[in-house]
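Notes for the one structure printed next.
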Amino acid sequence: MTTPNEAAALLVAPPTLDLKGWTAWLSDRVAPAWRPGEWDAATLFFNGDPDNERTVAQKCVTVACASVSNSRGMCSPCIREWRASGLDEATFVAQHVPDRRKGSPGRFQVRCIVERDGQRCAQPKYCQRLCIRHYRAWSTKAVRESGVAAEVWARTGPEPCTEGAPFCVVMRCEQERWGLKTICSYHHYKYGREAPDEPVEEWVTRQTPFLYAHQFSLVPFSPVMRCEILYGLQQRDARGAKADPTSVRLMAKALAHLPHLLGTDLGDLLVLTSKGTSSNTNAHVKEIHRTLHIGHEEMRGIKPRDKHIWDLTAISIPSSQSKSGRRRATRGLIDFTAISQPWLRELALTWARDTDPATARLRDTVRVTAMASGRLAARPGGGTEPGRLGGTDMDTVMDGIRVMRREDGEIMARGTQRGMAHRWFSLLDFGRRTGLMNGVPTAFSRHRWHDIGHDDDEDNEGKAIPEPVIAQLDQHLDFLGREITYGQLTADQIRHMFRTAYIVLRDTGRRPGEICSLYQNCVKDGTDGPDLIWDNHKSKRHRRRLPIEEETANAIRAWLPIRARLDVPAQSARYLFPAVTADHAQPHMSTSNLSKTLRQWVDSIPRLTTDVPGPDGSPLPFDRSLIYPYAFRHSYAQRHADAGIAPDVLRDLMDHRNFSTTMGYYKVSLKRKREAVTTMRMHVVDRSGKPAPITSNTAYEARSVAVPFGNCREPSNVKASGSACPIRFQCAGCGFYRPDPSYLPAIEEHINSLRADRFTAEAMDADPFVIRNLSDQIAAFQQVLSAMRKQLDAMGSEERQEVEEASAVLRKARASRGRTTLPLTVINRRPS
């Protein structure tokens, strides 16, 4: 696919430029009645309506302020005044009365304080709370030398003015003149800076009025550029984009001196707009520039689909429908020139013109066809003669599909590879149906060995984040969501929202998209505790119920009051995590926002380590690239599999379709256990503490019967799975007893229990043989314990770490055979 820089280079200047004809063509296509109530074609003035969702203009939330800004919340002056007021935000918004020297559109300006008999001066305040006429009178030498304050003088001296100041003569300027002859103070100072020697009557004809955040004027542009920009804005509007007056004003500031845009190099335009503007302004320039060149080609009779490089905006191919129900026009280029064989390129072009595919299908088909073209080009003959193609050529293409990579460089998943193969064969089927491939041998077609198998596991088990690493992440939760912006949310609200999303992601094992799309009422109290109500978008199974811990439910409940106070887009009203802006493709938080914030957080944590020691004995650093939102789903599944949750229960918890997917996590658990057994069997001792290594994993597993304090190899007990001990589990006195370091905690606990029993026996005045038996058992177990501790102390740090890790795995596996503490059931599970 063509990169953005290459795309810009393709929009070259037209060979000839008939400005008269170009202006006439534009004028015929510019709608004079565009945006009624906002656009005035006669005065070239746009007055955006803050109540129009398609205009970037928001009323200030301060009750007494009528200012309009290009973002939600308070306007900039109110923000400054709020920070200086010391009031909380709610009180300030309700009570503050702004004092704006320039006033606000549609509102009063602060008037002069001169008043007589209830009649207030009609002139606006200029200085010292006086209008310009009264200020000049007060500041005369006689009054100034008398030392009379302006407020005192206003009550005793002058008469109020009965008429307000007339408006500035600049077209559509609503600012009062403030005692000046023809123009307001804004234009007065601007005139003095820009053209003090030019007659003011001529200068004002090129001036815009004083513009607020929701307004722009095309007066500064040349007649050609007025048509160009208006055409570009109207085409942009027709594609569903919002009108952004601020960006147009900044464009006027940077580009008003140009005679026209068509034929001007885009790079030169971006240099002019790179300073003092915004990225949104640059986006406007790029889009309008592209739109004008597309329009000029249309004027010359060149159709967008006739070219070998398609501009998706020009051909109006829609993207997939979003969850919000809207269809958004797609931008970008599709480069058919990447297909080198003429017959194959023409086939792809004809297919695209005739079938009018959606964007994703078009991109995938051209991509896989370009890959196939490259593979065929490397074959003898280069694939340029379709009549000479055969089965080997098709095998080569299929081999290429099996190694196709994603944008991040990773090999595509099997499901994506199957999709690419389907696109490729659908194109060939189209060619055979339409006769475009009549000369291609049937050997160059699909055969049964070309099928791409299914993934063994849809969730790629084995990529779980280790629990010790998750524990380290939890210690740095205060850093999550710092130094990022998210719509109009405050820093505290952003941190709380992403902290809640992380906790739900970590504790529930749902896919990132399922977390982002949770509703506000997603927690319900069930018979055995809280349940999470969620939608399985992948399998199209909705309103699923998942048992969750009370701690997880409380995290969601703590976020809900804050969520209720947010000023969010209307489309986000029912979602737990709202969208960043009203024009977002999805009505809720996007997975890209979640992933980006998580990545920034993980990268900001000073130290993340594994539990594996390095050469110096300190833990090795953990690879942070392995921490991403979906990995927490693997962790959830692996955590349950390691805890011994029954496979059918885990399948329900994960909402898997295929049982083999669930069993993959148990394979990981078994692999870990086998590795632990391989390590531990070499450190087995007998009842006297002497080394007694076991020769194989199978022999170790066979003796791992349910004996609490170590393995047993007594035949009758092994056969009965540990329930037929001839000497009633007095293991330390048995010649078949084979403990290892993984049993150290159990042996210590048993020794303490025996000591308690001996103390009780002595208190009961039991027979000496009872007390002697208990003492002998304590001594025997203590001997085993001391021998294994001595063995551990003699090991090197790496070997000891390996033994301790193996011990932890085996203890966890033994514990899972007894009881579990994780949720075991899924409520109201629907059939797949």
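A note on labels: chains of the structure tokens are A, B, ... as shown, every chain counts residues from 1, and ligands are counted from 1 in their shown order.
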Select from range 463-688 of chain A everything DSSP, run on the backbone, classes as helix (DSSP H, G or I), then give the selection as number ranges by chain. A: 467-474, 477-479, 491-508, 512-516, 550-564, 570-572, 591-604, 624-626, 631-642, 647-654, 659-683
Give me the residues near range 432-441 of chain A as a ChimeraX atom specification, where near means some atom within 7 Å (using only C-alpha atoms) and where sequence neighbours in that chain fewer than 5 positions away do not count. /A:347,386-387,389-390
Write the residues of the preceding selection, restricted to N, CA, C and O atoms, as a PDB file, in the first residue's frame.
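Saved to again17.pdb:
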```
ATOM      1  N   LEU A 347      -7.180  -7.691 -14.173  1.00  0.00           N
ATOM      2  CA  LEU A 347      -8.185  -8.512 -13.507  1.00  0.00           C
ATOM      3  C   LEU A 347      -8.602  -7.879 -12.187  1.00  0.00           C
ATOM      4  O   LEU A 347      -9.802  -7.777 -11.889  1.00  0.00           O
ATOM      5  N   PRO A 386      -0.147 -15.700 -18.786  1.00  0.00           N
ATOM      6  CA  PRO A 386      -1.070 -16.517 -17.975  1.00  0.00           C
ATOM      7  C   PRO A 386      -1.292 -17.916 -18.528  1.00  0.00           C
ATOM      8  O   PRO A 386      -1.581 -18.845 -17.775  1.00  0.00           O
ATOM      9  N   GLY A 387      -1.124 -18.116 -19.846  1.00  0.00           N
ATOM     10  CA  GLY A 387      -1.345 -19.442 -20.423  1.00  0.00           C
ATOM     11  C   GLY A 387      -0.290 -20.458 -20.024  1.00  0.00           C
ATOM     12  O   GLY A 387      -0.478 -21.659 -20.246  1.00  0.00           O
ATOM     13  N   LEU A 389       0.913 -20.706 -16.820  1.00  0.00           N
ATOM     14  CA  LEU A 389       0.859 -20.930 -15.377  1.00  0.00           C
ATOM     15  C   LEU A 389       0.390 -22.345 -15.076  1.00  0.00           C
ATOM     16  O   LEU A 389      -0.418 -22.924 -15.813  1.00  0.00           O
ATOM     17  N   GLY A 390       0.856 -22.898 -13.934  1.00  0.00           N
ATOM     18  CA  GLY A 390       0.472 -24.250 -13.553  1.00  0.00           C
ATOM     19  C   GLY A 390       0.333 -24.418 -12.057  1.00  0.00           C
ATOM     20  O   GLY A 390       0.347 -23.447 -11.282  1.00  0.00           O
TER      21      GLY A 390
END
```
Give me the residues near Arg511 in chain A as a PyMOL selection string, where near means some atom within 9 Å (using only C-alpha atoms) and where sequence neighbours in that chain fewer than 2 positions away do not count. chain A and resi 505+509+513-516+536+629-630+632-633
I need the chosen residues saved as a JSON list (two decimals), in the first residue's frame, with N, CA and C atoms.
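File again-v9.json, as written:
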```
[["chain", "number", "residue", "atom", "x", "y", "z"],
["A", 505, "LEU", "N", -10.07, -5.79, 33.34],
["A", 505, "LEU", "CA", -9.32, -6.57, 32.36],
["A", 505, "LEU", "C", -8.52, -7.67, 33.05],
["A", 509, "GLY", "N", -10.67, -11.59, 32.56],
["A", 509, "GLY", "CA", -10.23, -12.36, 31.41],
["A", 509, "GLY", "C", -11.04, -12.11, 30.15],
["A", 513, "GLY", "N", -11.96, -5.62, 23.66],
["A", 513, "GLY", "CA", -13.16, -5.01, 23.10],
["A", 513, "GLY", "C", -14.38, -5.24, 23.97],
["A", 514, "GLU", "N", -14.42, -6.37, 24.65],
["A", 514, "GLU", "CA", -15.55, -6.67, 25.54],
["A", 514, "GLU", "C", -15.49, -5.83, 26.80],
["A", 515, "ILE", "N", -14.28, -5.49, 27.24],
["A", 515, "ILE", "CA", -14.12, -4.60, 28.40],
["A", 515, "ILE", "C", -14.53, -3.18, 28.02],
["A", 516, "CYS", "N", -14.04, -2.71, 26.89],
["A", 516, "CYS", "CA", -14.31, -1.33, 26.48],
["A", 516, "CYS", "C", -15.79, -1.08, 26.24],
["A", 536, "ASN", "N", -20.21, -11.13, 24.21],
["A", 536, "ASN", "CA", -19.17, -11.82, 23.45],
["A", 536, "ASN", "C", -19.33, -11.42, 21.98],
["A", 629, "PRO", "N", -3.10, -5.67, 26.34],
["A", 629, "PRO", "CA", -4.42, -5.98, 26.91],
["A", 629, "PRO", "C", -4.85, -7.43, 26.75],
["A", 630, "TYR", "N", -4.66, -8.02, 25.58],
["A", 630, "TYR", "CA", -5.15, -9.38, 25.38],
["A", 630, "TYR", "C", -4.39, -10.39, 26.23],
["A", 632, "PHE", "N", -3.82, -10.35, 29.27],
["A", 632, "PHE", "CA", -4.48, -10.58, 30.55],
["A", 632, "PHE", "C", -5.57, -11.64, 30.43],
["A", 633, "ARG", "N", -6.09, -11.86, 29.25],
["A", 633, "ARG", "CA", -7.03, -12.97, 29.04],
["A", 633, "ARG", "C", -6.30, -14.30, 29.17]]
```
For Val63 in chain A: contacts at 8 Å, only C-alpha atoms, fewer than 5 positions along chain excluded, given as a list in words: Val93, Ala94, Gln95 and His96 of chain A
Run DSSP on the backbone and give me the residues of range 398-645 of chain A it puts in strand (DSSP E), as a ChimeraX atom specification. /A:523-526,529-536,541-547,609-613,619-621
From the set A:Val784, A:Ala84, A:Ala761, A:Ala646, which residue has the shortest atom-to-atom contact distance to Gly689 in chain A, counting only C-alpha atoms? A:Val784
I want to know what sits within 12 Å of Tyr700 in chain A, based on only C-alpha atoms, with residues of the same chain fewer than 2 positions away left out; could you give that as a VMD selection string? chain A and resid 673 to 674 676 to 684 692 to 698 702 to 705 710 to 713 718 738 to 740 810
Please list as a PDB file with N, CA, C and O atoms, in the first residue's frame every residue within 8 Å of range 548-555 of chain A, counting only C-alpha atoms and excluding residues in the same chain fewer than 4 positions away.
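Output file selection.pdb follows:
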```
ATOM      1  N   THR A 500      -9.841   1.509  36.575  1.00  0.00           N
ATOM      2  CA  THR A 500     -10.983   0.599  36.629  1.00  0.00           C
ATOM      3  C   THR A 500     -10.954  -0.372  35.457  1.00  0.00           C
ATOM      4  O   THR A 500     -11.173  -1.578  35.628  1.00  0.00           O
ATOM      5  N   ILE A 503      -8.351  -3.078  36.112  1.00  0.00           N
ATOM      6  CA  ILE A 503      -8.765  -4.057  37.120  1.00  0.00           C
ATOM      7  C   ILE A 503      -9.756  -5.051  36.523  1.00  0.00           C
ATOM      8  O   ILE A 503      -9.649  -6.272  36.744  1.00  0.00           O
ATOM      9  N   VAL A 504     -10.718  -4.562  35.754  1.00  0.00           N
ATOM     10  CA  VAL A 504     -11.692  -5.459  35.132  1.00  0.00           C
ATOM     11  C   VAL A 504     -10.999  -6.351  34.106  1.00  0.00           C
ATOM     12  O   VAL A 504     -11.286  -7.550  34.007  1.00  0.00           O
ATOM     13  N   ASP A 507      -8.981  -9.029  36.108  1.00  0.00           N
ATOM     14  CA  ASP A 507      -9.713  -9.969  36.963  1.00  0.00           C
ATOM     15  C   ASP A 507     -10.753 -10.803  36.233  1.00  0.00           C
ATOM     16  O   ASP A 507     -11.237 -11.785  36.797  1.00  0.00           O
ATOM     17  N   THR A 508     -11.146 -10.407  35.023  1.00  0.00           N
ATOM     18  CA  THR A 508     -12.251 -11.114  34.363  1.00  0.00           C
ATOM     19  C   THR A 508     -11.831 -11.905  33.143  1.00  0.00           C
ATOM     20  O   THR A 508     -12.585 -12.768  32.693  1.00  0.00           O
ATOM     21  N   VAL A 523     -22.774  -4.760  36.382  1.00  0.00           N
ATOM     22  CA  VAL A 523     -22.625  -5.573  37.593  1.00  0.00           C
ATOM     23  C   VAL A 523     -24.001  -5.884  38.151  1.00  0.00           C
ATOM     24  O   VAL A 523     -24.796  -4.979  38.416  1.00  0.00           O
ATOM     25  N   GLY A 529     -22.950 -14.209  44.671  1.00  0.00           N
ATOM     26  CA  GLY A 529     -22.056 -13.059  44.606  1.00  0.00           C
ATOM     27  C   GLY A 529     -22.304 -12.262  43.341  1.00  0.00           C
ATOM     28  O   GLY A 529     -23.216 -12.550  42.555  1.00  0.00           O
ATOM     29  N   PRO A 530     -21.486 -11.246  43.081  1.00  0.00           N
ATOM     30  CA  PRO A 530     -21.707 -10.396  41.914  1.00  0.00           C
ATOM     31  C   PRO A 530     -21.368 -11.102  40.607  1.00  0.00           C
ATOM     32  O   PRO A 530     -20.484 -11.956  40.557  1.00  0.00           O
ATOM     33  N   ASP A 531     -22.078 -10.733  39.561  1.00  0.00           N
ATOM     34  CA  ASP A 531     -21.833 -11.243  38.211  1.00  0.00           C
ATOM     35  C   ASP A 531     -21.550 -10.066  37.287  1.00  0.00           C
ATOM     36  O   ASP A 531     -22.109  -8.979  37.457  1.00  0.00           O
ATOM     37  N   LEU A 532     -20.708 -10.299  36.298  1.00  0.00           N
ATOM     38  CA  LEU A 532     -20.438  -9.309  35.258  1.00  0.00           C
ATOM     39  C   LEU A 532     -21.291  -9.645  34.043  1.00  0.00           C
ATOM     40  O   LEU A 532     -21.267 -10.778  33.547  1.00  0.00           O
ATOM     41  N   TRP A 559     -16.267   3.556  40.423  1.00  0.00           N
ATOM     42  CA  TRP A 559     -16.143   4.403  39.238  1.00  0.00           C
ATOM     43  C   TRP A 559     -17.484   5.000  38.818  1.00  0.00           C
ATOM     44  O   TRP A 559     -17.539   6.097  38.249  1.00  0.00           O
ATOM     45  N   PRO A 823     -13.897 -19.058  41.057  1.00  0.00           N
ATOM     46  CA  PRO A 823     -15.264 -19.347  40.645  1.00  0.00           C
ATOM     47  C   PRO A 823     -15.334 -20.631  39.835  1.00  0.00           C
ATOM     48  O   PRO A 823     -14.500 -20.884  38.963  1.00  0.00           O
TER      49      PRO A 823
END
```
How many Å lie between CA of Cys734 in chain A and CA of Phe709 in chain A, rounded to one decimal? 12.0 Å
Taking only C-alpha atoms into account, name the residue in A:Leu489, A:Ile229, A:Ala780, A:Ala57 that is nearest to Lys242 in chain A.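 So, comparing all the options, the nearest one is A:Ala57.
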Range 149-156 of chain A surroundings by only C-alpha atoms, 7 Å radius, close-in-sequence under 2 positions cut, as a count of residues only: 7
Between A:Ser716, A:Thr55, A:Gln782, A:Thr182, which has the minimum distance to Ser688 in chain A (counting only C-alpha atoms)? A:Gln782
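Checking A:Pro50, A:Gly301, A:Pro587, A:Pro160 one by one against Arg111 in chain A, counting only C-alpha atoms, you find the shortest gap at A:Pro160.
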